[in-house]
Amino acid sequence: MGEPGALRGAVDRPVQVYRDEWGIPHVWAESLHDAFAGQGYVHAADRFWQMDASRRQMQGRWAEWAGPAGLEADKLARRLRVSAACIRDYAALGPAARAMVDAYAAGVNAWLATHPAPAEYRLLDAAPEPWEGWHCIAAMRQRGYLMGSVWFKLWRAAAVGVVGDRDIAKLRYDDGGADRLCIPPGADASRWIASLADLREPITALGLLPAAAETQGGSNNWAVAPGRTTTGRPLLAGDPHRAFELPGMYAQLHLRCDEFDAIGLTVPGVPAFPHFGHNGSVAWCVTHAFADIHDLYVEQFDPADPARYRHRGDWLTATTATEQISVRGAGPETIGITETIHGPVVAGDPARGAALTLKSVQFFDTDRSFDCLLPMLTAASVDDLFLAVRGWGLIDHNLVAADTAGHIGHLVRAVIPRRPAINGWLPVPGWTGEHEWDGVIPPEQMPRVDDPARGFIVTANNRIAADGPGTGDYLSTDTHPPYRARRIEELLTALVPASPADMAAIHRDDLSVPALQFRAALADVTPPSQQAAAIRDLLLAWDGRMAPGSVAAAWYTRLRWAIAAIVGERSGLAAASAITPLQLPGRTSAVSQLWWVLPALLRAGDVTLTGGRAWPELLADALAVVAAEPPAPWQQLHRAALTHPLSPLHAAAAPELSPPGAGIGGDNETVWATGCRAESGTAAVYGAIARYVFDVGNWDNSQWIVLAGASGDPASRHYTDQHDAWSRCELIPMRYDWDTITTTGSPPVTLHPDAGPEHERP
C-alpha cells in the first residue's frame, strides 16, 4: 500500500486521509471535486494494478501481459467493441457525472506521478499508463462483463444436439420443486417451459452452424423492518458472491465532503459506491438479478461475400474491420470483426454461411449508469434512492435498501429489453425479424416492493417474478436455485425479534437442503463394497450441514461430483461441450453445469440423461468411485483458492501473490456460499467475497469484512489480514463516526494542492 502524497493540481483544498486498524481509508474533503480526487488517489495507492488489469481486459489488451493465454478474451473484447462503448458512454455523461470521473482520474494520476509503480509491473517489465475518465466506465463494465444469460444459452445450444429438443428444459438449474419469487415476497411459481413448437425454429437455426458456460456471480441480501428487530430500526445484510481473486473485487472506503458522508464497498477504478454502502440516511446493497440482458442470434451469411447477411428477405451489408492484438512472448495477432444489426460475430465463420452474433444491453446502446452515482450519495430515503438509479444498465441487480425513517424496499435495477420470451432459451434466427427488441421496459415498470407485510425482504439470485404467458414483460429464463432464499426466509421467520448479531450469524448458515435429498436417496442404494457401505451409513446419519470439520460433508461433495461426471459421460454432454465450436472465453464444463441440474433429475427419478441407469445404480457407481479416496474433514479439501491473475504466469512470485487460503465450510448451495467447480476439484474458488450488516440509523454498530484485505500490495500487512476472520464468517467494525476515526486511527496524511511529495505533512 503506497503512502498518500500530494495531489498537485488535483484538489483545490487539503484532503485528509485517515486509515483505521485494518488499513481502510477514510477520506475527509470539503468539495465534491476534492472528495472524488481523494477517492481516486487512495484507490490508486491501494489497488492501481488491479484497476489497470480491469481497464486492459476491456480494451482487449490483456494478452500484452498474459501472453497467448489472454488472446481469446482479447479477441472477444475487441469484437464487442467494449472500449468504444465506454468512450461513447463517457461522452454522454451529464455534467455532474463527467466532473466526478474526471476528478477521480486526476486523483489517480496524481498518485501515479509521485509514487513508484506497484510490484506487478516489475514482474511484467511494464509501466503504468495514465488514467482517463472513460477508464472508470471500463473498470465498472468489467465487473459485470457478460454475466448471466449468455452462458446458459450457449450451454443449451451445445447440448441440444445431444439430449434432443424434448429434454432441453431439463438442463436449466434446479428449481427446488417450485421457484421461490423475489416479488411478491414469499410467493412460489411454476416455470414457463418452452414447448417443442416454440423451440423448433431456434433449433433449426442452430443446425446451420458447423456442429455451442456458467456464471459464478451470485449473492444474498436481506432487509428486516423495524417492527421485527430488537433495535426498532431496520437491519440490512448480505454478501456478494464472485471469484476468489486477489486483490478482491471490493475495496472498503469511507468518503466525506460537504455534500455527503458515505461508507461502503467500492470498486477500484470507479468513483462513489455503485453496489454497497450508506450515506447516513439510506443504506443499499445488491444481488445479481439474473435478468436476461443478452441475446444470441444465428445469422445467415453469403459464403461468396461474407459481408452480406440476410434479414427479413433482404441482403444487408455487415460492418467489417480488422484489428491487431499484441501478445506477450509471441507475434501480434490480426483479427477480423464482423457486425450485423444485432451485434458482432462472436462465434462461427461468416465465410461458411452462418455465425453467431451477440446483442447485449451492456454494449448495444448508450448506458447512463454513471449518472446515477451522485444522486445515490445524496438520497434521503429508499424512495429517493430508487428514483436515483433509473437508467442503470451495466449489469442487472436486485437493489435492496433501508432508511432511517424505517422503510425497506426492493427494486430490480436494470435495463431489460422487450422481446419474445423464447429468446431466453437458445440462440434465435437473426434473419426472420421475429426476435427483435422492441425498446426496453420503462424504469417505472420494473418490479418493486416497499415495506412488505411480512416485514422482511430476501433476494438470493432466485427468480425475480413469475414468468410465462399472462405474467407481463419477459424478465428472465435462468436463475439460481431457490435454496438460499428459502433458507434465509426460514431463519428470519424464526427471529422475532432479530438483532444485528443474528444477521451476522445467518452468513454462517451451512445447511445444504439438496444434500438432504441425496441423503434420503442413499437409503435405497446397495453399496458395492465395505468402504462404500461405511460412507453411505455415515451420510445417512449426517445432518446435511457443510460444517468445516464434517467428514460427511466431504463425502457428500465427492459423491455428488462423481454423479455429475457419470451423468456427463453417459449422456454424452461432457464430450459435446468439449468440442463444440460455440465456446467463448470463460465457459465451464458440462460436469459443472450438471451439478446444478442433478437435484431436479433425482427428485423426479428422471433417467433420460443417465442412459437409462436407475438412480440407486448411479449412486452405487458414484460410491464406488469415491470409496477409493481417504476420509478427510471438509475444510481440508475445501480451502479458499486465493488467486492473483499473474500467479500462473510467474511461478516464482506465486507464493507471495497467492498465499494459501483458509479451510472453510459451506458449499455451492448453502447461505455460507463457498463454491467449487469440476475444473478445480473441491477447492473453494468462488463465493462470498465480502459480508456486511448495516444497523440502519446506528451506523457505528454496523460491521463488514472482505475476502482478503484492504491493500492490493502483496507486501502489505493489509493484503490478507481480514482473511482469517472472513473464513470464520466473523465481521470487523465499520468505522463511521469521525471522532472515533480521528482518535483511534493512524495519524492523518494531508493531501495538499500545492506541495510536492517532499513537502508532505504527516
# chains A, B, ... in the order shown; residues from 1 in each chain; ligands from 1

call {"tool": "select_by_dssp", "arguments": {"residues": "range 520-635 of chain A", "states": "helix (DSSP H, G or I)", "output": "ChimeraX atom specification"}}
result
/A:520-524,530-540,551-571,573-579,590-604,615-626,634-635

call {"tool": "write_last_selection", "arguments": {"atoms": "C-alpha atoms", "output": "mmCIF file, in the first residue's frame"}}
result
data_model
loop_
_atom_site.group_PDB
_atom_site.id
_atom_site.type_symbol
_atom_site.label_atom_id
_atom_site.label_comp_id
_atom_site.auth_asym_id
_atom_site.auth_seq_id
_atom_site.Cartn_x
_atom_site.Cartn_y
_atom_site.Cartn_z
ATOM 1 C CA ALA A 520 -32.566 -39.722 1.521
ATOM 2 C CA ALA A 521 -31.888 -41.341 -1.870
ATOM 3 C CA LEU A 522 -28.962 -43.321 -0.425
ATOM 4 C CA ALA A 523 -31.354 -45.367 1.715
ATOM 5 C CA ASP A 524 -32.276 -47.380 -1.399
ATOM 6 C CA GLN A 530 -17.471 -52.388 2.592
ATOM 7 C CA GLN A 531 -15.891 -48.942 2.335
ATOM 8 C CA ALA A 532 -18.782 -47.720 0.206
ATOM 9 C CA ALA A 533 -21.191 -49.064 2.822
ATOM 10 C CA ALA A 534 -19.366 -47.156 5.555
ATOM 11 C CA ILE A 535 -19.600 -43.937 3.526
ATOM 12 C CA ARG A 536 -23.293 -44.486 2.847
ATOM 13 C CA ASP A 537 -24.028 -45.163 6.534
ATOM 14 C CA LEU A 538 -22.118 -42.056 7.588
ATOM 15 C CA LEU A 539 -24.136 -39.960 5.135
ATOM 16 C CA LEU A 540 -27.437 -41.496 6.240
ATOM 17 C CA VAL A 551 -16.161 -35.684 7.197
ATOM 18 C CA ALA A 552 -19.651 -36.465 5.915
ATOM 19 C CA ALA A 553 -19.810 -33.107 4.123
ATOM 20 C CA ALA A 554 -16.618 -34.029 2.270
ATOM 21 C CA TRP A 555 -18.011 -37.431 1.260
ATOM 22 C CA TYR A 556 -21.254 -35.851 0.051
ATOM 23 C CA THR A 557 -19.426 -33.366 -2.151
ATOM 24 C CA ARG A 558 -17.175 -36.034 -3.639
ATOM 25 C CA LEU A 559 -20.215 -38.227 -4.253
ATOM 26 C CA ARG A 560 -22.190 -35.505 -5.992
ATOM 27 C CA TRP A 561 -19.311 -34.529 -8.264
ATOM 28 C CA ALA A 562 -18.839 -38.203 -9.117
ATOM 29 C CA ILE A 563 -22.509 -38.455 -10.093
ATOM 30 C CA ALA A 564 -22.223 -35.318 -12.236
ATOM 31 C CA ALA A 565 -19.216 -36.815 -14.035
ATOM 32 C CA ILE A 566 -21.040 -40.125 -14.614
ATOM 33 C CA VAL A 567 -24.129 -38.371 -15.984
ATOM 34 C CA GLY A 568 -21.940 -36.151 -18.169
ATOM 35 C CA GLU A 569 -20.273 -39.223 -19.657
ATOM 36 C CA ARG A 570 -23.403 -41.377 -20.035
ATOM 37 C CA SER A 571 -25.422 -38.554 -21.582
ATOM 38 C CA LEU A 573 -22.811 -33.964 -22.738
ATOM 39 C CA ALA A 574 -19.245 -33.928 -21.443
ATOM 40 C CA ALA A 575 -17.802 -34.816 -24.824
ATOM 41 C CA ALA A 576 -20.115 -32.480 -26.722
ATOM 42 C CA SER A 577 -19.285 -29.439 -24.612
ATOM 43 C CA ALA A 578 -15.573 -30.086 -25.004
ATOM 44 C CA ILE A 579 -15.563 -29.980 -28.809
ATOM 45 C CA ALA A 590 -20.832 -29.795 -18.764
ATOM 46 C CA VAL A 591 -19.998 -31.532 -15.488
ATOM 47 C CA SER A 592 -20.037 -28.206 -13.639
ATOM 48 C CA GLN A 593 -23.376 -27.381 -15.254
ATOM 49 C CA LEU A 594 -24.803 -30.787 -14.363
ATOM 50 C CA TRP A 595 -24.046 -30.249 -10.670
ATOM 51 C CA TRP A 596 -26.929 -27.751 -10.633
ATOM 52 C CA VAL A 597 -29.245 -29.994 -12.665
ATOM 53 C CA LEU A 598 -28.931 -33.199 -10.609
ATOM 54 C CA PRO A 599 -31.384 -32.442 -7.762
ATOM 55 C CA ALA A 600 -34.290 -31.970 -10.170
ATOM 56 C CA LEU A 601 -33.466 -35.169 -12.047
ATOM 57 C CA LEU A 602 -33.114 -37.122 -8.803
ATOM 58 C CA ARG A 603 -36.338 -35.727 -7.363
ATOM 59 C CA ALA A 604 -38.249 -36.757 -10.491
ATOM 60 C CA TRP A 615 -30.682 -43.584 -9.659
ATOM 61 C CA PRO A 616 -29.881 -46.216 -6.998
ATOM 62 C CA GLU A 617 -27.457 -47.749 -9.509
ATOM 63 C CA LEU A 618 -25.931 -44.350 -10.293
ATOM 64 C CA LEU A 619 -25.447 -43.632 -6.623
ATOM 65 C CA ALA A 620 -23.817 -47.035 -6.168
ATOM 66 C CA ASP A 621 -21.496 -46.296 -9.095
ATOM 67 C CA ALA A 622 -20.580 -42.964 -7.522
ATOM 68 C CA LEU A 623 -19.970 -44.591 -4.128
ATOM 69 C CA ALA A 624 -17.550 -46.984 -5.813
ATOM 70 C CA VAL A 625 -15.656 -44.026 -7.260
ATOM 71 C CA VAL A 626 -15.331 -42.056 -4.018
ATOM 72 C CA TRP A 634 -14.443 -30.808 4.694
ATOM 73 C CA GLN A 635 -12.176 -27.859 5.490
#

call {"tool": "atom_distance", "arguments": {"atom1": "CA of Pro303 in chain A", "atom2": "CA of His342 in chain A"}}
result
19.1 Å

call {"tool": "residues_around", "arguments": {"residues": "Arg717 in chain A", "least_positions_apart": "5", "cutoff": "12 Å", "atoms": "only C-alpha atoms", "output": "list of chain:residue names"}}
result
A:Met1, A:Glu21, A:Trp22, A:Gly23, A:Glu656, A:Ala708, A:Gly709, A:Ala710, A:Ser711, A:Gly712, A:Gln722, A:His723

call {"tool": "write_last_selection", "arguments": {"atoms": "all heavy atoms", "output": "compact mmCIF listing (two decimals), in the first residue's frame"}}
result
# COMPACT_ATOMS: atom_id res chain seq x y z
N MET A 1 0.85 -1.19 0.00
CA MET A 1 0.00 0.00 0.00
C MET A 1 0.88 1.23 0.00
O MET A 1 1.67 1.43 0.91
CB MET A 1 -0.90 -0.01 1.24
CG MET A 1 -1.85 1.16 1.33
SD MET A 1 -2.73 1.14 2.89
CE MET A 1 -3.47 -0.47 2.83
N GLU A 21 -7.46 0.53 11.84
CA GLU A 21 -6.51 -0.54 12.15
C GLU A 21 -6.43 -1.61 11.06
O GLU A 21 -5.50 -2.42 11.03
CB GLU A 21 -6.86 -1.19 13.49
CG GLU A 21 -8.23 -1.86 13.55
CD GLU A 21 -9.32 -0.93 14.08
OE1 GLU A 21 -9.40 0.23 13.61
OE2 GLU A 21 -10.10 -1.38 14.95
N TRP A 22 -7.39 -1.62 10.15
CA TRP A 22 -7.39 -2.59 9.05
C TRP A 22 -6.85 -1.97 7.76
O TRP A 22 -6.88 -2.62 6.71
CB TRP A 22 -8.81 -3.11 8.82
CG TRP A 22 -9.37 -3.79 10.04
CD1 TRP A 22 -10.18 -3.24 10.99
CD2 TRP A 22 -9.12 -5.12 10.46
NE1 TRP A 22 -10.45 -4.15 11.98
CE2 TRP A 22 -9.82 -5.33 11.68
CE3 TRP A 22 -8.38 -6.18 9.94
CZ2 TRP A 22 -9.79 -6.53 12.37
CZ3 TRP A 22 -8.36 -7.39 10.63
CH2 TRP A 22 -9.06 -7.55 11.83
N GLY A 23 -6.36 -0.73 7.86
CA GLY A 23 -5.83 -0.06 6.68
C GLY A 23 -6.90 0.50 5.77
O GLY A 23 -6.61 0.93 4.64
N GLU A 656 3.93 -15.37 -2.99
CA GLU A 656 3.65 -14.04 -2.43
C GLU A 656 2.35 -13.47 -2.99
O GLU A 656 1.55 -12.89 -2.26
CB GLU A 656 4.81 -13.09 -2.74
CG GLU A 656 4.62 -11.69 -2.15
CD GLU A 656 5.76 -10.76 -2.51
OE1 GLU A 656 6.56 -11.10 -3.40
OE2 GLU A 656 5.85 -9.68 -1.90
N ALA A 708 -10.01 -10.75 1.65
CA ALA A 708 -8.57 -10.73 1.90
C ALA A 708 -8.17 -9.54 2.76
O ALA A 708 -7.87 -9.70 3.95
CB ALA A 708 -7.81 -10.73 0.58
N GLY A 709 -8.15 -8.34 2.18
CA GLY A 709 -7.74 -7.17 2.93
C GLY A 709 -7.91 -5.92 2.11
O GLY A 709 -8.35 -5.96 0.95
N ALA A 710 -7.57 -4.79 2.71
CA ALA A 710 -7.78 -3.50 2.06
C ALA A 710 -6.75 -3.22 0.98
O ALA A 710 -7.02 -2.48 0.03
CB ALA A 710 -7.75 -2.38 3.11
N SER A 711 -5.56 -3.78 1.10
CA SER A 711 -4.47 -3.45 0.20
C SER A 711 -4.37 -4.44 -0.95
O SER A 711 -4.66 -5.63 -0.80
CB SER A 711 -3.14 -3.43 0.96
OG SER A 711 -2.07 -3.21 0.07
N GLY A 712 -3.91 -3.94 -2.09
CA GLY A 712 -3.60 -4.80 -3.22
C GLY A 712 -2.12 -5.09 -3.33
O GLY A 712 -1.69 -5.74 -4.29
N GLN A 722 -7.65 -9.67 6.72
CA GLN A 722 -9.04 -9.95 7.09
C GLN A 722 -9.44 -11.39 6.76
O GLN A 722 -10.55 -11.81 7.07
CB GLN A 722 -9.98 -8.98 6.37
CG GLN A 722 -9.79 -7.52 6.77
CD GLN A 722 -10.77 -6.58 6.10
OE1 GLN A 722 -11.98 -6.83 6.07
NE2 GLN A 722 -10.28 -5.48 5.56
N HIS A 723 -8.54 -12.14 6.12
CA HIS A 723 -8.95 -13.44 5.59
C HIS A 723 -9.30 -14.45 6.68
O HIS A 723 -10.29 -15.19 6.55
CB HIS A 723 -7.85 -14.01 4.69
CG HIS A 723 -8.20 -15.34 4.10
ND1 HIS A 723 -9.23 -15.49 3.19
CD2 HIS A 723 -7.70 -16.59 4.32
CE1 HIS A 723 -9.34 -16.77 2.86
NE2 HIS A 723 -8.42 -17.45 3.52

call {"tool": "residues_around", "arguments": {"residues": "range 258-274 of chain A", "least_positions_apart": "5", "cutoff": "6 Å", "atoms": "only C-alpha atoms", "output": "list in words"}}
result
Glu30, His43, Met51, Cys136, Ala139, Tyr250, Ala251, Gln252, Leu253 and Asn279 of chain A

call {"tool": "atom_distance", "arguments": {"atom1": "CA of Glu444 in chain A", "atom2": "CA of Leu475 in chain A"}}
result
14.7 Å

call {"tool": "residues_around", "arguments": {"residues": "Tyr121 in chain A", "least_positions_apart": "3", "cutoff": "12 Å", "atoms": "only C-alpha atoms", "output": "ChimeraX atom specification"}}
result
/A:48-50,52-53,65,116-118,124-129,646,713

call {"tool": "closest_atom_pairs", "arguments": {"of": "range 420-536 of chain A", "to": "range 223-243 of chain A", "cutoff": "7 Å", "atoms": "only C-alpha atoms", "output": "Markdown table"}}
result
| residue | atom | partner | partner_atom | distance |
| --- | --- | --- | --- | --- |
| A:Gly455 | CA | A:Ala225 | CA | 5.1 |
| A:Phe456 | CA | A:Val224 | CA | 4.4 |
| A:Ile457 | CA | A:Ala223 | CA | 5.1 |
| A:Val458 | CA | A:Ala223 | CA | 6.8 |
| A:Val496 | CA | A:Arg228 | CA | 5.7 |
| A:Pro497 | CA | A:Thr229 | CA | 4.5 |
| A:Ala498 | CA | A:Thr229 | CA | 4.5 |
| A:Ser499 | CA | A:Thr230 | CA | 5.3 |
| A:Pro500 | CA | A:Leu235 | CA | 6.9 |
| A:Met503 | CA | A:Ala237 | CA | 6.5 |

call {"tool": "write_last_selection", "arguments": {"atoms": "N, CA, C and O atoms", "output": "tab-separated table (two decimals), in the first residue's frame"}}
result
chain	number	residue	atom	x	y	z
A	455	GLY	N	-42.68	-8.16	6.72
A	455	GLY	CA	-41.66	-7.47	7.50
A	455	GLY	C	-40.24	-7.77	7.12
A	455	GLY	O	-39.31	-7.34	7.82
A	456	PHE	N	-40.00	-8.46	6.03
A	456	PHE	CA	-38.62	-8.65	5.57
A	456	PHE	C	-38.60	-8.92	4.07
A	456	PHE	O	-39.61	-9.30	3.47
A	457	ILE	N	-37.43	-8.70	3.49
A	457	ILE	CA	-37.16	-8.90	2.07
A	457	ILE	C	-35.96	-9.80	1.94
A	457	ILE	O	-34.98	-9.65	2.68
A	458	VAL	N	-36.00	-10.74	1.00
A	458	VAL	CA	-34.87	-11.64	0.75
A	458	VAL	C	-34.68	-11.77	-0.75
A	458	VAL	O	-35.65	-12.00	-1.49
A	496	VAL	N	-37.76	-13.43	15.84
A	496	VAL	CA	-38.69	-12.36	16.21
A	496	VAL	C	-38.50	-12.07	17.69
A	496	VAL	O	-38.95	-12.82	18.54
A	497	PRO	N	-37.82	-10.96	18.03
A	497	PRO	CA	-37.20	-10.01	17.11
A	497	PRO	C	-35.79	-10.44	16.73
A	497	PRO	O	-35.19	-11.30	17.37
A	498	ALA	N	-35.26	-9.79	15.69
A	498	ALA	CA	-33.93	-10.10	15.18
A	498	ALA	C	-32.95	-9.01	15.59
A	498	ALA	O	-33.28	-7.82	15.56
A	499	SER	N	-31.74	-9.43	15.92
A	499	SER	CA	-30.70	-8.48	16.32
A	499	SER	C	-29.64	-8.38	15.23
A	499	SER	O	-29.55	-9.24	14.34
A	500	PRO	N	-28.78	-7.36	15.30
A	500	PRO	CA	-27.65	-7.31	14.36
A	500	PRO	C	-26.77	-8.55	14.43
A	500	PRO	O	-26.29	-9.03	13.40
A	503	MET	N	-28.14	-11.25	12.32
A	503	MET	CA	-27.87	-11.08	10.89
A	503	MET	C	-26.50	-11.66	10.53
A	503	MET	O	-26.35	-12.35	9.51

call {"tool": "select_by_dssp", "arguments": {"residues": "range 227-282 of chain A", "states": "strand (DSSP E or B)", "output": "ChimeraX atom specification"}}
result
/A:229,235-243,245,251-256,261-266,276-278,282

call {"tool": "write_last_selection", "arguments": {"atoms": "N, CA and C atoms", "output": "PDB file, in the first residue's frame"}}
result
ATOM      1  N   THR A 229     -37.276  -6.143  14.688  1.00  0.00           N
ATOM      2  CA  THR A 229     -35.900  -6.104  15.177  1.00  0.00           C
ATOM      3  C   THR A 229     -35.834  -5.706  16.640  1.00  0.00           C
ATOM      4  N   LEU A 235     -32.700  -3.467   9.664  1.00  0.00           N
ATOM      5  CA  LEU A 235     -31.416  -4.128   9.508  1.00  0.00           C
ATOM      6  C   LEU A 235     -31.267  -4.534   8.044  1.00  0.00           C
ATOM      7  N   LEU A 236     -30.069  -4.372   7.507  1.00  0.00           N
ATOM      8  CA  LEU A 236     -29.791  -4.702   6.113  1.00  0.00           C
ATOM      9  C   LEU A 236     -28.492  -5.490   6.088  1.00  0.00           C
ATOM     10  N   ALA A 237     -28.490  -6.649   5.425  1.00  0.00           N
ATOM     11  CA  ALA A 237     -27.314  -7.511   5.463  1.00  0.00           C
ATOM     12  C   ALA A 237     -27.215  -8.316   4.176  1.00  0.00           C
ATOM     13  N   GLY A 238     -26.041  -8.932   3.990  1.00  0.00           N
ATOM     14  CA  GLY A 238     -25.865  -9.788   2.831  1.00  0.00           C
ATOM     15  C   GLY A 238     -24.413 -10.001   2.490  1.00  0.00           C
ATOM     16  N   ASP A 239     -24.186 -10.536   1.285  1.00  0.00           N
ATOM     17  CA  ASP A 239     -22.836 -10.839   0.830  1.00  0.00           C
ATOM     18  C   ASP A 239     -22.825 -11.012  -0.687  1.00  0.00           C
ATOM     19  N   PRO A 240     -21.899 -10.366  -1.381  1.00  0.00           N
ATOM     20  CA  PRO A 240     -21.749 -10.591  -2.817  1.00  0.00           C
ATOM     21  C   PRO A 240     -20.890 -11.827  -3.080  1.00  0.00           C
ATOM     22  N   HIS A 241     -21.263 -12.601  -4.083  1.00  0.00           N
ATOM     23  CA  HIS A 241     -20.540 -13.827  -4.437  1.00  0.00           C
ATOM     24  C   HIS A 241     -19.839 -13.643  -5.780  1.00  0.00           C
ATOM     25  N   ARG A 242     -18.540 -13.825  -5.777  1.00  0.00           N
ATOM     26  CA  ARG A 242     -17.750 -13.740  -7.003  1.00  0.00           C
ATOM     27  C   ARG A 242     -16.551 -14.673  -6.877  1.00  0.00           C
ATOM     28  N   ALA A 243     -15.698 -14.679  -7.896  1.00  0.00           N
ATOM     29  CA  ALA A 243     -14.487 -15.489  -7.863  1.00  0.00           C
ATOM     30  C   ALA A 243     -13.555 -15.000  -6.755  1.00  0.00           C
ATOM     31  N   GLU A 245     -10.572 -13.903  -6.209  1.00  0.00           N
ATOM     32  CA  GLU A 245      -9.382 -13.336  -6.824  1.00  0.00           C
ATOM     33  C   GLU A 245      -8.668 -12.418  -5.839  1.00  0.00           C
ATOM     34  N   ALA A 251     -13.148  -2.774  -2.461  1.00  0.00           N
ATOM     35  CA  ALA A 251     -12.274  -2.055  -1.541  1.00  0.00           C
ATOM     36  C   ALA A 251     -13.146  -1.271  -0.565  1.00  0.00           C
ATOM     37  N   GLN A 252     -12.969  -1.526   0.725  1.00  0.00           N
ATOM     38  CA  GLN A 252     -13.718  -0.783   1.742  1.00  0.00           C
ATOM     39  C   GLN A 252     -13.223   0.665   1.771  1.00  0.00           C
ATOM     40  N   LEU A 253     -14.160   1.602   1.909  1.00  0.00           N
ATOM     41  CA  LEU A 253     -13.758   3.009   1.854  1.00  0.00           C
ATOM     42  C   LEU A 253     -14.842   3.882   2.482  1.00  0.00           C
ATOM     43  N   HIS A 254     -14.395   4.969   3.076  1.00  0.00           N
ATOM     44  CA  HIS A 254     -15.266   5.974   3.677  1.00  0.00           C
ATOM     45  C   HIS A 254     -14.920   7.313   3.030  1.00  0.00           C
ATOM     46  N   LEU A 255     -15.927   8.002   2.506  1.00  0.00           N
ATOM     47  CA  LEU A 255     -15.701   9.224   1.735  1.00  0.00           C
ATOM     48  C   LEU A 255     -16.667  10.299   2.200  1.00  0.00           C
ATOM     49  N   ARG A 256     -16.097  11.428   2.617  1.00  0.00           N
ATOM     50  CA  ARG A 256     -16.925  12.508   3.166  1.00  0.00           C
ATOM     51  C   ARG A 256     -16.592  13.826   2.499  1.00  0.00           C
ATOM     52  N   ASP A 261     -21.733  12.015   3.292  1.00  0.00           N
ATOM     53  CA  ASP A 261     -20.789  11.276   4.134  1.00  0.00           C
ATOM     54  C   ASP A 261     -21.148   9.803   3.972  1.00  0.00           C
ATOM     55  N   ALA A 262     -20.427   9.093   3.100  1.00  0.00           N
ATOM     56  CA  ALA A 262     -20.812   7.742   2.700  1.00  0.00           C
ATOM     57  C   ALA A 262     -19.695   6.753   2.990  1.00  0.00           C
ATOM     58  N   ILE A 263     -20.090   5.525   3.265  1.00  0.00           N
ATOM     59  CA  ILE A 263     -19.137   4.445   3.514  1.00  0.00           C
ATOM     60  C   ILE A 263     -19.690   3.183   2.884  1.00  0.00           C
ATOM     61  N   GLY A 264     -18.782   2.344   2.400  1.00  0.00           N
ATOM     62  CA  GLY A 264     -19.252   1.098   1.809  1.00  0.00           C
ATOM     63  C   GLY A 264     -18.155   0.390   1.048  1.00  0.00           C
ATOM     64  N   LEU A 265     -18.576  -0.541   0.193  1.00  0.00           N
ATOM     65  CA  LEU A 265     -17.677  -1.312  -0.644  1.00  0.00           C
ATOM     66  C   LEU A 265     -17.576  -0.620  -2.005  1.00  0.00           C
ATOM     67  N   THR A 266     -16.375  -0.244  -2.375  1.00  0.00           N
ATOM     68  CA  THR A 266     -16.163   0.451  -3.641  1.00  0.00           C
ATOM     69  C   THR A 266     -15.511  -0.487  -4.647  1.00  0.00           C
ATOM     70  N   PHE A 276     -22.758  -1.226  -2.792  1.00  0.00           N
ATOM     71  CA  PHE A 276     -22.995  -1.409  -1.358  1.00  0.00           C
ATOM     72  C   PHE A 276     -22.542  -0.166  -0.606  1.00  0.00           C
ATOM     73  N   GLY A 277     -23.406   0.362   0.249  1.00  0.00           N
ATOM     74  CA  GLY A 277     -22.997   1.496   1.046  1.00  0.00           C
ATOM     75  C   GLY A 277     -24.145   2.132   1.785  1.00  0.00           C
ATOM     76  N   HIS A 278     -23.839   3.173   2.538  1.00  0.00           N
ATOM     77  CA  HIS A 278     -24.872   4.027   3.141  1.00  0.00           C
ATOM     78  C   HIS A 278     -24.345   5.448   3.204  1.00  0.00           C
ATOM     79  N   VAL A 282     -29.758   6.458   4.136  1.00  0.00           N
ATOM     80  CA  VAL A 282     -30.261   5.250   3.489  1.00  0.00           C
ATOM     81  C   VAL A 282     -29.086   4.340   3.173  1.00  0.00           C
TER      82      VAL A 282
END

call {"tool": "residues_around", "arguments": {"residues": "range 68-72 of chain A", "least_positions_apart": "4", "cutoff": "8 Å", "atoms": "only C-alpha atoms", "output": "list in words"}}
result
Trp62, Ala63, Leu76, Ile325, Val327, Arg328, Gly329, Ala330 and Pro585 of chain A

call {"tool": "write_last_selection", "arguments": {"atoms": "N, CA, C and O atoms", "output": "mmCIF file, in the first residue's frame"}}
result
data_model
loop_
_atom_site.group_PDB
_atom_site.id
_atom_site.type_symbol
_atom_site.label_atom_id
_atom_site.label_comp_id
_atom_site.auth_asym_id
_atom_site.auth_seq_id
_atom_site.Cartn_x
_atom_site.Cartn_y
_atom_site.Cartn_z
ATOM 1 N N TRP A 62 -5.280 -7.575 -22.682
ATOM 2 C CA TRP A 62 -4.817 -8.446 -21.607
ATOM 3 C C TRP A 62 -3.653 -9.325 -22.071
ATOM 4 O O TRP A 62 -2.747 -9.644 -21.309
ATOM 5 N N ALA A 63 -3.653 -9.736 -23.345
ATOM 6 C CA ALA A 63 -2.581 -10.590 -23.854
ATOM 7 C C ALA A 63 -1.232 -9.882 -23.831
ATOM 8 O O ALA A 63 -0.189 -10.543 -23.873
ATOM 9 N N LEU A 76 -12.532 -11.388 -28.040
ATOM 10 C CA LEU A 76 -13.940 -11.151 -27.744
ATOM 11 C C LEU A 76 -14.178 -9.696 -27.375
ATOM 12 O O LEU A 76 -15.126 -9.061 -27.859
ATOM 13 N N ILE A 325 -3.760 -7.386 -32.298
ATOM 14 C CA ILE A 325 -3.603 -7.574 -30.861
ATOM 15 C C ILE A 325 -2.158 -7.946 -30.575
ATOM 16 O O ILE A 325 -1.621 -8.901 -31.152
ATOM 17 N N VAL A 327 0.698 -9.617 -28.363
ATOM 18 C CA VAL A 327 0.700 -10.793 -27.495
ATOM 19 C C VAL A 327 2.085 -10.938 -26.873
ATOM 20 O O VAL A 327 3.088 -11.072 -27.590
ATOM 21 N N ARG A 328 2.137 -10.927 -25.569
ATOM 22 C CA ARG A 328 3.410 -11.055 -24.862
ATOM 23 C C ARG A 328 4.069 -12.400 -25.213
ATOM 24 O O ARG A 328 3.440 -13.448 -25.157
ATOM 25 N N GLY A 329 5.336 -12.334 -25.594
ATOM 26 C CA GLY A 329 6.062 -13.553 -25.894
ATOM 27 C C GLY A 329 5.724 -14.180 -27.225
ATOM 28 O O GLY A 329 6.157 -15.297 -27.516
ATOM 29 N N ALA A 330 4.946 -13.507 -28.047
ATOM 30 C CA ALA A 330 4.562 -14.035 -29.352
ATOM 31 C C ALA A 330 4.358 -12.866 -30.303
ATOM 32 O O ALA A 330 4.365 -11.699 -29.914
ATOM 33 N N PRO A 585 -14.648 -17.493 -24.289
ATOM 34 C CA PRO A 585 -13.793 -17.461 -23.095
ATOM 35 C C PRO A 585 -14.631 -17.335 -21.831
ATOM 36 O O PRO A 585 -15.578 -16.561 -21.764
#

call {"tool": "closest_residue", "arguments": {"among": "A:Thr340, A:Ser680, A:Ser281, A:Thr526", "to": "Pro306 in chain A", "atoms": "only C-alpha atoms"}}
result
A:Thr340
